[in-house]
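Text of work29.csv, listed as CSV, C-alpha atoms and all ligand atoms:
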chain,number,residue,atom,x,y,z
A,196,MET,CA,-34.6,-0.4,-12.8
A,197,PHE,CA,-30.9,-0.4,-12.2
A,198,ALA,CA,-29.2,-3.6,-13.3
A,199,MET,CA,-25.8,-4.0,-11.8
A,200,THR,CA,-23.0,-3.4,-14.4
A,201,LYS,CA,-20.6,-6.2,-15.2
A,202,LYS,CA,-17.8,-4.0,-13.7
A,203,MET,CA,-19.5,-3.7,-10.4
A,204,SER,CA,-20.4,-7.3,-10.2
A,205,ARG,CA,-16.6,-8.0,-10.3
A,206,ILE,CA,-15.8,-5.7,-7.5
A,207,PRO,CA,-16.3,-7.4,-4.1
A,208,PHE,CA,-18.0,-5.1,-1.5
A,209,GLU,CA,-17.4,-7.4,1.4
A,210,GLY,CA,-14.7,-9.4,3.1
A,211,GLY,CA,-12.1,-6.6,3.1
A,212,ILE,CA,-10.5,-4.4,5.6
A,213,ARG,CA,-13.3,-1.9,6.0
A,214,GLU,CA,-15.8,-4.6,6.8
A,215,VAL,CA,-13.6,-6.0,9.6
A,216,LEU,CA,-13.2,-2.5,10.9
A,217,ALA,CA,-17.0,-1.9,10.9
A,218,ALA,CA,-17.6,-5.2,12.7
A,219,ALA,CA,-14.9,-4.3,15.3
A,220,GLU,CA,-16.3,-0.8,15.8
A,221,LYS,CA,-19.8,-2.2,16.3
A,222,MET,CA,-18.5,-4.5,19.0
A,223,GLU,CA,-16.7,-1.6,20.6
A,224,ARG,CA,-19.9,0.4,20.7
A,225,GLU,CA,-21.4,-2.6,22.6
A,226,GLY,CA,-18.7,-2.3,25.2
A,227,ARG,CA,-16.0,-4.8,24.1
A,228,LYS,CA,-12.4,-3.9,24.1
A,229,ILE,CA,-11.0,-4.6,20.6
A,230,VAL,CA,-7.4,-4.6,19.6
A,231,HIS,CA,-7.2,-3.2,16.1
A,232,PHE,CA,-4.8,-5.1,13.8
A,233,GLU,CA,-6.9,-4.6,10.7
A,234,ILE,CA,-6.2,-1.1,9.5
A,235,GLY,CA,-3.0,-0.1,7.8
A,236,ARG,CA,-2.9,3.4,9.2
A,237,PRO,CA,-0.1,4.6,11.4
A,238,ASP,CA,-1.4,5.7,14.8
A,239,PHE,CA,0.9,8.7,15.1
A,240,ASP,CA,-0.1,12.3,14.8
A,241,SER,CA,0.9,14.1,11.6
A,242,PRO,CA,3.9,16.5,12.0
A,243,MET,CA,3.0,19.6,13.9
A,244,GLU,CA,4.8,21.8,11.3
A,245,ALA,CA,2.5,20.5,8.6
A,246,LYS,CA,-0.6,21.1,10.7
A,247,LYS,CA,0.5,24.7,11.4
A,248,ALA,CA,1.3,25.4,7.8
A,249,ALA,CA,-2.1,23.9,6.6
A,250,ALA,CA,-4.0,25.9,9.3
A,251,GLU,CA,-2.2,29.1,8.2
A,252,ALA,CA,-2.9,28.3,4.6
A,253,VAL,CA,-6.6,27.8,5.1
A,254,LEU,CA,-6.9,30.9,7.2
A,255,GLY,CA,-5.1,32.7,4.4
A,256,GLU,CA,-5.6,32.6,0.7
A,257,TYR,CA,-5.0,28.9,-0.1
A,258,VAL,CA,-8.7,28.1,-0.5
A,259,HIS,CA,-8.9,27.9,-4.3
A,260,TYR,CA,-8.0,25.3,-6.9
A,261,SER,CA,-4.3,24.6,-7.2
A,262,PRO,CA,-2.7,24.2,-10.6
A,263,ILE,CA,-3.8,20.8,-11.9
A,264,PRO,CA,-0.5,18.9,-11.3
A,265,GLY,CA,-0.3,20.5,-7.8
A,266,LEU,CA,1.5,23.5,-6.2
A,267,ARG,CA,4.8,24.0,-7.9
A,268,GLU,CA,6.5,24.5,-4.5
A,269,LEU,CA,5.3,21.0,-3.4
A,270,ARG,CA,6.4,19.4,-6.7
A,271,GLU,CA,9.8,20.9,-6.2
A,272,GLU,CA,9.9,19.7,-2.6
A,273,ILE,CA,9.0,16.2,-3.8
A,274,ALA,CA,11.5,16.3,-6.6
A,275,SER,CA,14.3,17.1,-4.1
A,276,TRP,CA,13.0,14.6,-1.4
A,277,GLU,CA,12.9,11.7,-4.0
A,278,SER,CA,16.1,12.8,-5.7
A,279,HIS,CA,18.0,12.8,-2.5
A,280,ARG,CA,16.9,9.3,-1.7
A,281,ARG,CA,17.6,7.8,-5.1
A,282,GLY,CA,20.2,9.9,-6.7
A,283,ILE,CA,17.9,10.4,-9.7
A,284,ARG,CA,16.8,13.8,-10.8
A,285,PHE,CA,13.1,14.3,-11.4
A,286,ASP,CA,11.6,17.3,-13.2
A,287,PRO,CA,8.8,19.0,-11.2
A,288,GLU,CA,7.3,20.6,-14.3
A,289,GLU,CA,7.2,17.6,-16.6
A,290,GLN,CA,7.1,14.5,-14.4
A,291,ILE,CA,5.5,15.1,-11.0
A,292,ILE,CA,1.7,15.2,-10.4
A,293,ILE,CA,0.1,15.5,-6.9
A,294,THR,CA,-2.9,13.3,-6.4
A,295,CYS,CA,-5.5,12.5,-3.8
A,296,GLY,CA,-3.4,9.9,-2.1
A,297,ALA,CA,-1.6,7.0,-3.7
A,298,VAL,CA,-4.9,5.5,-4.7
A,299,GLU,CA,-5.6,8.3,-7.1
A,300,ALA,CA,-2.1,8.0,-8.6
A,301,LEU,CA,-2.8,4.3,-9.2
A,302,ILE,CA,-6.3,4.7,-10.8
A,303,ILE,CA,-5.2,7.6,-13.1
A,304,SER,CA,-2.3,5.5,-14.3
A,305,PHE,CA,-4.6,2.6,-15.1
A,306,VAL,CA,-7.2,4.8,-16.8
A,307,ALA,CA,-4.8,6.9,-18.7
A,308,LEU,CA,-2.4,4.2,-19.9
A,309,THR,CA,-4.6,1.2,-20.7
A,310,ASP,CA,-7.4,0.7,-23.2
A,311,PRO,CA,-10.5,-1.4,-22.3
A,312,GLY,CA,-9.4,-5.1,-22.3
A,313,ASP,CA,-5.7,-4.4,-21.8
A,314,GLU,CA,-4.2,-6.6,-19.2
A,315,ILE,CA,-2.5,-5.6,-16.0
A,316,LEU,CA,-0.2,-8.1,-14.3
A,317,ILE,CA,-0.5,-7.8,-10.5
A,318,LEU,CA,2.0,-9.6,-8.3
A,319,THR,CA,0.0,-11.2,-5.5
A,320,PRO,CA,-0.6,-11.1,-2.5
A,321,CYS,CA,-1.2,-7.4,-3.0
A,322,PHE,CA,-3.1,-4.3,-1.9
A,323,PRO,CA,-6.7,-5.1,-2.7
A,324,ALA,CA,-7.4,-1.9,-4.6
A,325,TYR,CA,-5.1,-2.9,-7.5
A,326,ARG,CA,-7.5,-5.5,-8.8
A,327,ASP,CA,-10.7,-3.5,-8.3
A,328,GLN,CA,-9.2,-0.3,-9.7
A,329,ALA,CA,-8.1,-2.3,-12.8
A,330,VAL,CA,-11.7,-3.5,-13.3
A,331,LEU,CA,-13.0,0.1,-12.8
A,332,ALA,CA,-10.6,1.3,-15.5
A,333,CYS,CA,-12.1,-1.4,-17.8
A,334,ALA,CA,-8.7,-3.2,-17.9
A,335,VAL,CA,-8.3,-6.9,-17.0
A,336,PRO,CA,-6.4,-7.7,-13.7
A,337,VAL,CA,-4.2,-10.7,-14.1
A,338,LEU,CA,-3.1,-12.0,-10.6
A,339,VAL,CA,0.3,-13.6,-10.7
A,340,PRO,CA,1.2,-15.3,-7.3
A,341,VAL,CA,4.7,-14.8,-5.9
A,342,ARG,CA,6.4,-17.3,-3.6
A,343,LEU,CA,6.5,-16.2,0.0
A,344,GLY,CA,9.9,-17.1,1.2
A,345,GLN,CA,12.5,-15.0,2.8
A,346,HIS,CA,11.7,-12.4,0.1
A,347,TYR,CA,8.8,-11.5,-2.1
A,348,GLU,CA,10.0,-14.1,-4.6
A,349,ILE,CA,8.8,-13.6,-8.2
A,350,ASP,CA,7.8,-16.7,-10.1
A,351,PHE,CA,9.1,-15.9,-13.5
A,352,GLU,CA,7.6,-18.9,-15.1
A,353,ALA,CA,4.2,-17.9,-13.9
A,354,LEU,CA,4.8,-14.4,-15.1
A,355,GLU,CA,5.9,-15.5,-18.6
A,356,ASN,CA,2.8,-17.8,-18.8
A,357,ALA,CA,0.6,-14.9,-17.9
A,358,VAL,CA,1.7,-12.6,-20.8
A,359,THR,CA,-0.6,-12.2,-23.8
A,360,PRO,CA,-0.6,-9.7,-26.7
A,361,ARG,CA,-2.9,-7.5,-24.5
A,362,THR,CA,-0.5,-7.3,-21.5
A,363,LYS,CA,0.3,-3.6,-21.0
A,364,MET,CA,1.4,-3.1,-17.4
A,365,LEU,CA,2.8,-4.7,-14.3
A,366,ILE,CA,2.4,-3.6,-10.7
A,367,LEU,CA,5.0,-4.1,-8.1
A,368,ASN,CA,4.7,-3.1,-4.4
A,369,SER,CA,7.9,-3.5,-2.4
A,370,PRO,CA,8.1,-3.4,0.6
A,371,ASN,CA,4.8,-5.1,0.3
A,372,ASN,CA,1.4,-4.8,1.8
A,373,PRO,CA,0.3,-7.4,3.1
A,374,THR,CA,3.5,-9.5,3.5
A,375,GLY,CA,6.1,-6.9,4.7
A,376,ALA,CA,8.5,-8.7,2.3
A,377,ALA,CA,10.7,-7.0,-0.2
A,378,VAL,CA,11.9,-8.1,-3.7
A,379,GLU,CA,15.5,-9.1,-3.9
A,380,GLY,CA,18.0,-7.4,-6.2
A,381,LYS,CA,18.6,-10.4,-8.4
A,382,ASP,CA,14.8,-10.7,-9.0
A,383,LEU,CA,14.6,-7.0,-9.8
A,384,ASP,CA,17.2,-7.5,-12.6
A,385,ARG,CA,15.2,-10.3,-14.1
A,386,LEU,CA,11.9,-8.4,-13.7
A,387,CYS,CA,13.4,-5.4,-15.5
A,388,ASP,CA,14.5,-7.7,-18.3
A,389,PHE,CA,11.0,-9.1,-18.4
A,390,ILE,CA,9.3,-5.7,-18.5
A,391,VAL,CA,11.6,-4.4,-21.3
A,392,ARG,CA,11.3,-7.6,-23.4
A,393,HIS,CA,7.5,-7.5,-23.3
A,394,ASP,CA,7.4,-3.7,-23.7
A,395,LEU,CA,5.4,-3.1,-20.5
A,396,ILE,CA,4.8,-0.1,-18.3
A,397,ALA,CA,5.8,-0.7,-14.6
A,398,ILE,CA,3.9,0.8,-11.7
A,399,SER,CA,6.1,0.9,-8.7
A,400,ASP,CA,4.1,1.5,-5.6
A,401,GLU,CA,6.6,2.6,-3.0
A,402,CYS,CA,4.2,3.8,-0.3
A,403,TYR,CA,6.2,1.8,2.3
A,404,GLY,CA,9.7,2.7,1.0
A,405,GLU,CA,10.6,4.4,4.3
A,406,PHE,CA,9.6,1.5,6.4
A,407,LEU,CA,12.5,-1.0,6.3
A,408,TYR,CA,13.7,-2.7,9.5
A,409,GLU,CA,16.5,-4.8,8.1
A,410,GLY,CA,18.3,-5.7,4.9
A,411,VAL,CA,17.9,-3.7,1.7
A,412,SER,CA,14.9,-2.8,-0.5
A,413,GLU,CA,15.8,-1.6,-3.9
A,414,SER,CA,13.5,0.3,-6.2
A,415,ILE,CA,12.9,-0.9,-9.7
A,416,LEU,CA,13.8,2.7,-10.7
A,417,SER,CA,17.4,2.1,-9.6
A,418,ARG,CA,17.7,0.2,-12.9
A,419,PRO,CA,18.4,2.7,-15.6
A,420,ALA,CA,16.4,0.8,-18.3
A,421,MET,CA,13.3,1.5,-16.2
A,422,ALA,CA,13.4,5.3,-16.2
A,423,GLU,CA,11.4,5.6,-19.4
A,424,ARG,CA,8.8,3.0,-18.5
A,425,THR,CA,8.1,3.3,-14.8
A,426,ILE,CA,5.4,5.3,-13.0
A,427,LEU,CA,6.6,5.8,-9.4
A,428,VAL,CA,3.6,5.9,-7.0
A,429,ASN,CA,4.2,7.3,-3.5
A,430,ALA,CA,2.4,9.3,-0.8
A,431,LEU,CA,2.9,11.1,2.4
A,432,SER,CA,0.0,9.0,3.9
A,433,LYS,CA,2.2,6.4,5.6
A,434,SER,CA,5.7,8.0,5.7
A,435,PHE,CA,4.4,11.1,7.5
A,436,SER,CA,1.3,9.6,9.1
A,437,MET,CA,-0.9,11.9,6.9
A,438,THR,CA,-3.5,9.4,5.6
A,439,GLY,CA,-6.4,11.9,6.0
A,440,TRP,CA,-4.6,14.7,4.2
A,441,ARG,CA,-4.9,12.9,0.8
A,442,ILE,CA,-1.5,13.7,-0.5
A,443,GLY,CA,0.0,11.2,-2.9
A,444,TYR,CA,1.9,11.6,-6.2
A,445,ALA,CA,2.9,9.9,-9.4
A,446,ILE,CA,6.3,10.5,-11.0
A,447,ALA,CA,6.1,9.6,-14.6
A,448,PRO,CA,8.3,9.5,-17.7
A,449,ARG,CA,7.8,12.7,-19.7
A,450,GLN,CA,6.0,10.9,-22.6
A,451,TYR,CA,3.1,9.9,-20.2
A,452,TYR,CA,2.9,13.0,-18.2
A,453,SER,CA,0.2,14.9,-20.1
A,454,TYR,CA,-2.1,11.8,-20.1
A,455,LEU,CA,-1.9,11.5,-16.4
A,456,CYS,CA,-2.5,15.2,-15.8
A,457,LYS,CA,-5.5,15.1,-18.1
A,458,THR,CA,-7.0,12.1,-16.3
A,459,HIS,CA,-6.3,13.7,-12.9
A,460,GLN,CA,-8.0,16.8,-14.0
A,461,LEU,CA,-11.1,14.8,-15.1
A,462,PHE,CA,-11.2,12.9,-11.8
A,463,THR,CA,-10.5,15.5,-9.1
A,464,THR,CA,-9.2,18.7,-10.7
A,465,SER,CA,-6.5,19.0,-8.1
A,466,THR,CA,-5.9,17.8,-4.5
A,467,CYS,CA,-6.8,20.0,-1.6
A,468,THR,CA,-4.7,23.2,-1.7
A,469,PHE,CA,-4.1,23.7,2.0
A,470,SER,CA,-3.2,20.0,2.4
A,471,GLN,CA,-0.6,20.7,-0.2
A,472,LYS,CA,0.8,23.6,1.8
A,473,GLY,CA,1.0,21.3,4.9
A,474,ALA,CA,2.7,18.6,2.9
A,475,ILE,CA,5.5,21.0,1.9
A,476,GLU,CA,6.3,21.5,5.6
A,477,ALA,CA,6.1,17.8,6.3
A,478,LEU,CA,8.7,17.1,3.7
A,479,LYS,CA,10.9,19.9,4.9
A,480,SER,CA,10.8,19.2,8.6
A,481,GLY,CA,8.9,15.9,9.3
A,482,ALA,CA,11.9,13.5,9.1
A,483,SER,CA,12.1,13.1,12.9
A,484,LEU,CA,8.5,11.7,13.0
A,485,THR,CA,9.3,9.2,10.3
A,486,GLU,CA,12.4,8.1,12.3
A,487,ARG,CA,10.4,7.8,15.4
A,488,MET,CA,7.7,5.7,13.6
A,489,ILE,CA,10.4,3.4,12.1
A,490,ALA,CA,11.9,2.8,15.6
A,491,ASP,CA,8.5,2.1,17.1
A,492,PHE,CA,7.3,-0.2,14.3
A,493,ARG,CA,10.5,-2.2,14.5
A,494,ASN,CA,9.8,-2.9,18.2
A,495,ARG,CA,6.2,-3.8,17.5
A,496,ARG,CA,7.2,-6.1,14.6
A,497,ASN,CA,9.5,-7.9,17.0
A,498,SER,CA,6.8,-8.2,19.6
A,499,VAL,CA,4.4,-9.7,17.0
A,500,MET,CA,7.1,-12.2,15.8
A,501,ARG,CA,7.9,-13.2,19.4
A,502,ALA,CA,4.3,-14.0,20.0
A,503,LEU,CA,3.9,-15.9,16.7
A,504,ASP,CA,6.9,-18.0,17.6
A,505,ARG,CA,4.8,-19.3,20.6
A,506,CYS,CA,1.8,-20.3,18.4
A,507,LYS,CA,1.7,-24.0,17.4
A,508,GLY,CA,0.4,-24.4,13.9
A,509,ILE,CA,1.3,-20.8,12.8
A,510,THR,CA,4.2,-20.2,10.4
A,511,TYR,CA,5.3,-16.9,9.0
A,512,ASN,CA,8.1,-15.3,6.9
A,513,ARG,CA,10.1,-12.7,8.8
A,514,PRO,CA,8.9,-9.3,7.3
A,515,VAL,CA,11.6,-6.8,6.6
A,516,GLY,CA,9.4,-3.7,6.0
A,517,ALA,CA,6.0,-2.0,5.9
A,518,PHE,CA,4.0,-2.6,9.1
A,519,TYR,CA,2.4,-6.0,8.5
A,520,VAL,CA,3.0,-9.6,9.3
A,521,PHE,CA,1.2,-12.2,7.1
A,522,PRO,CA,1.2,-15.5,8.9
A,523,SER,CA,-0.1,-18.7,7.4
A,524,ILE,CA,-2.8,-20.5,9.3
A,525,GLU,CA,-2.8,-23.5,6.9
A,526,LYS,CA,-2.2,-26.0,9.7
A,527,MET,CA,-5.1,-24.7,11.8
A,528,ASN,CA,-7.8,-26.5,9.9
A,529,VAL,CA,-10.1,-23.4,9.5
A,530,SER,CA,-10.5,-20.9,6.7
A,531,ALA,CA,-9.0,-17.5,7.1
A,532,PHE,CA,-12.5,-16.1,7.4
A,533,GLU,CA,-13.4,-18.5,10.2
A,534,PHE,CA,-10.1,-17.8,11.9
A,535,CYS,CA,-10.7,-14.0,11.8
A,536,ARG,CA,-14.3,-14.4,12.9
A,537,PHE,CA,-13.2,-16.5,15.9
A,538,MET,CA,-10.4,-14.1,16.8
A,539,LEU,CA,-12.8,-11.1,16.7
A,540,GLU,CA,-15.7,-12.7,18.5
A,541,GLU,CA,-13.8,-14.8,21.1
A,542,GLU,CA,-10.6,-12.9,21.6
A,543,GLY,CA,-11.5,-9.3,20.6
A,544,ILE,CA,-8.8,-8.8,18.0
A,545,ALA,CA,-9.5,-7.6,14.5
A,546,LEU,CA,-7.5,-9.2,11.7
A,547,VAL,CA,-8.0,-9.3,7.9
A,548,PRO,CA,-8.3,-12.6,6.0
A,549,GLY,CA,-5.6,-13.1,3.4
A,550,ASP,CA,-8.3,-13.7,0.8
A,551,ALA,CA,-8.7,-9.9,0.7
A,552,PHE,CA,-5.1,-9.7,-0.6
A,553,GLY,CA,-5.4,-12.6,-3.0
A,554,LEU,CA,-4.1,-15.4,-0.8
A,555,GLU,CA,-6.2,-17.9,1.2
A,556,ARG,CA,-5.2,-19.4,4.5
A,557,HIS,CA,-3.3,-16.4,5.7
A,558,VAL,CA,-4.2,-13.5,7.9
A,559,ARG,CA,-2.8,-10.0,8.0
A,560,ILE,CA,-1.7,-8.4,11.2
A,561,ALA,CA,-1.2,-4.6,11.0
A,562,TYR,CA,0.9,-3.5,14.0
A,563,THR,CA,-0.4,0.0,13.7
A,564,CYS,CA,-1.6,0.4,17.3
A,565,PRO,CA,0.5,1.3,20.4
A,566,GLU,CA,3.1,-1.2,21.6
A,567,LYS,CA,1.1,-2.1,24.7
A,568,ASP,CA,-2.0,-2.9,22.6
A,569,VAL,CA,0.2,-4.9,20.2
A,570,VAL,CA,1.5,-7.0,23.2
A,571,GLU,CA,-2.0,-7.4,24.6
A,572,GLY,CA,-3.5,-8.3,21.2
A,573,MET,CA,-0.8,-10.8,20.5
A,574,GLU,CA,-1.4,-12.5,23.9
A,575,ARG,CA,-5.0,-12.9,22.9
A,576,PHE,CA,-3.8,-14.2,19.5
A,577,VAL,CA,-1.6,-16.8,21.2
A,578,HIS,CA,-4.6,-17.8,23.5
A,579,GLY,CA,-6.9,-18.0,20.5
A,580,CYS,CA,-4.6,-20.3,18.5
A,581,ARG,CA,-4.2,-22.5,21.6
A,582,THR,CA,-8.0,-22.8,21.9
A,583,LEU,CA,-8.5,-23.5,18.1
A,584,SER,CA,-5.8,-26.1,18.0
A,585,MET,CA,-7.5,-28.0,20.9
A,586,ARG,CA,-10.8,-28.2,19.1
A,601,LIG,C1,0.4,-0.6,-1.1
A,601,LIG,C2,-0.5,0.5,-0.9
A,601,LIG,N1,-0.7,1.4,-1.9
A,601,LIG,C3,-1.5,2.5,-1.8
A,601,LIG,C4,-2.2,2.7,-0.7
A,601,LIG,C5,-3.1,3.9,-0.6
A,601,LIG,O1,-2.4,5.0,0.0
A,601,LIG,P1,-3.2,6.4,0.1
A,601,LIG,O2,-3.8,6.4,1.5
A,601,LIG,O3,-2.0,7.4,0.0
A,601,LIG,O4,-4.1,6.6,-1.0
A,601,LIG,C6,-2.1,1.8,0.4
A,601,LIG,C7,-2.9,2.0,1.6
A,601,LIG,O5,-3.0,1.2,2.5
A,601,LIG,C8,-1.2,0.7,0.3
A,601,LIG,O6,-1.1,-0.2,1.2
Kindly present the structure from the file in structure tokens form.
Ligand SMILES: Cc1ncc(COP(=O)(O)O)c(C=O)c1O
Amino acid sequence: MFAMTKKMSRIPFEGGIREVLAAAEKMEREGRKIVHFEIGRPDFDSPMEAKKAAAEAVLGEYVHYSPIPGLRELREEIASWESHRRGIRFDPEEQIIITCGAVEALIISFVALTDPGDEILILTPCFPAYRDQAVLACAVPVLVPVRLGQHYEIDFEALENAVTPRTKMLILNSPNNPTGAAVEGKDLDRLCDFIVRHDLIAISDECYGEFLYEGVSESILSRPAMAERTILVNALSKSFSMTGWRIGYAIAPRQYYSYLCKTHQLFTTSTCTFSQKGAIEALKSGASLTERMIADFRNRRNSVMRALDRCKGITYNRPVGAFYVFPSIEKMNVSAFEFCRFMLEEEGIALVPGDAFGLERHVRIAYTCPEKDVVEGMERFVHGCRTLSMR
């Protein structure tokens, strides 16, 4: 008889984004009109140039394994795309590895660079997979809450208190899922000092790096001391609306590169070859789509905020990036689960409880549906809050 492993018992299978989506889709099959605020997936089509290139590749000869770290041409394209943005040169031969989405770049980093029992500091609220992937890698996730103010404000006292001799790694995601907040420059300086002083590896998940609507968002890699200890994780999933293509990547310091490649080889061998051909074209000529998405998301974010301003009992921090708003429902007298269940059943809008991201009494609104749905969904949200506050 199969007895559930300790690992699996520590990975929740319910209460997350996919469950909300499944419940919402079931209601849709029953004829309800649901507004989808739960899934963090841009609703735009992928760049046509990428589609054509991938189609040509699959009809041609790109149907075999690619080199383990990915097609050289794609690694070169990524090196130039990233270098152009950051003014830092990356070596496609010794630093860049193409993975099946950012999730694979994350898990191979955890598996390759930690031993069982090593601890990973995770700034929270965060993308739920960090915690579960750390467990899967036999490492120990240590959640360190940030303060949610105008920025994603790091609590350095909490961070120092969380360090032990087993602490190996720290994960930072800015702009952040689920809050839409970014870390401020002065916090980044202190964070770098912390990482160097404790001799840690930083994982910088910059999947939302393109999605910034105001202010600045600096990468930890902009600090020279971080070059030799940071794994940059990124993907085309969000920035080019290519979530289904499974093209992500890790850019690692040279001393870690062979370990990541080996782990990637053991996990997946290589990512889909014709997807990689399409990704090359997206990077070369997909910038106009990214610009269009940013403009649309900015409008949608503003619509969400305007509606939230009308809700008594709801507070939120103005998000600067990503495509999420993460309001607090603390004053509503219900748990986030109850709030989300009510909103789905009574108002037909799908939201995710903050608990999935490591923070109770908050809900995540992903404005990844067309503007008219965002407006309609937020009208329902306002109505739902009014009903709840009169109970
Ligand atoms: C912060 C963050 N990192 C990584 C991912 C996964 O990206 P991918 O689809 O490229 O695996 C997501 C997806 O929502 C995310 O929000």
Give the residues close to ligand LIG 601 (chain A), within 9 Å, counting all atoms listed in the file; write them as a ChimeraX atom specification.
/A:234-236,294-301,321-325,368-373,400-403,428-433,437-444,517
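Restricting the calculation to all atoms listed in the file, the smallest distance between A:Pro264 and any of A:Ala332, A:Leu461, A:Ile206, A:Val306 is found for A:Leu461.
One finds atom CA of A:Gly282 at 16.2 Å from atom CA of A:Pro448.
Reported to one decimal place, the separation of atom CA of A:Ala376 from atom CA of A:Val499 is 15.3 Å.
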From the list A:Glu223, A:Ile302, A:Ile291, A:Asp238, the nearest residue to A:Phe462 using only C-alpha atoms is A:Ile302
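For the residues A:Ala252, A:Leu343, A:Ala420, A:Ile396, ranking by smallest atom-to-atom distance to A:Thr374 using all atoms listed in the file places A:Leu343 first.
Shortest atom-to-atom contact with A:Thr359 among A:Ile398, A:Leu316, A:Ala502, A:Val215: A:Leu316, counting all atoms listed in the file.
Proximity to A:Ile560 was assessed for A:Leu539, A:Leu318, A:Leu455, A:Val520 counting all atoms listed in the file; the smallest distance is recorded for A:Val520.
Using all atoms listed in the file, the nearest neighbour of A:Leu407 within the list A:Lys363, A:Arg505, A:Arg496, A:Lys381 is A:Arg496.
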Write out as a PyMOL selection string each polymer residue whose atoms come within 9 Å of A:Val569, counting all atoms listed in the file; drop sequence neighbours fewer than 5 positions from it. chain A and resi 230-232+495+498-499+562-564+574
For this session: Give me the residues within 9 Å of A:Phe435 as an MDAnalysis selection string, counting only C-alpha atoms and dropping any in the same chain fewer than 6 places off.
Result: chainID A and resid 237 239:242 474 477:478 481:482 484:485 488
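Taking atom CA of A:Asn512 and atom CA of A:Arg213 as the two end points, the separation is 25.3 Å.
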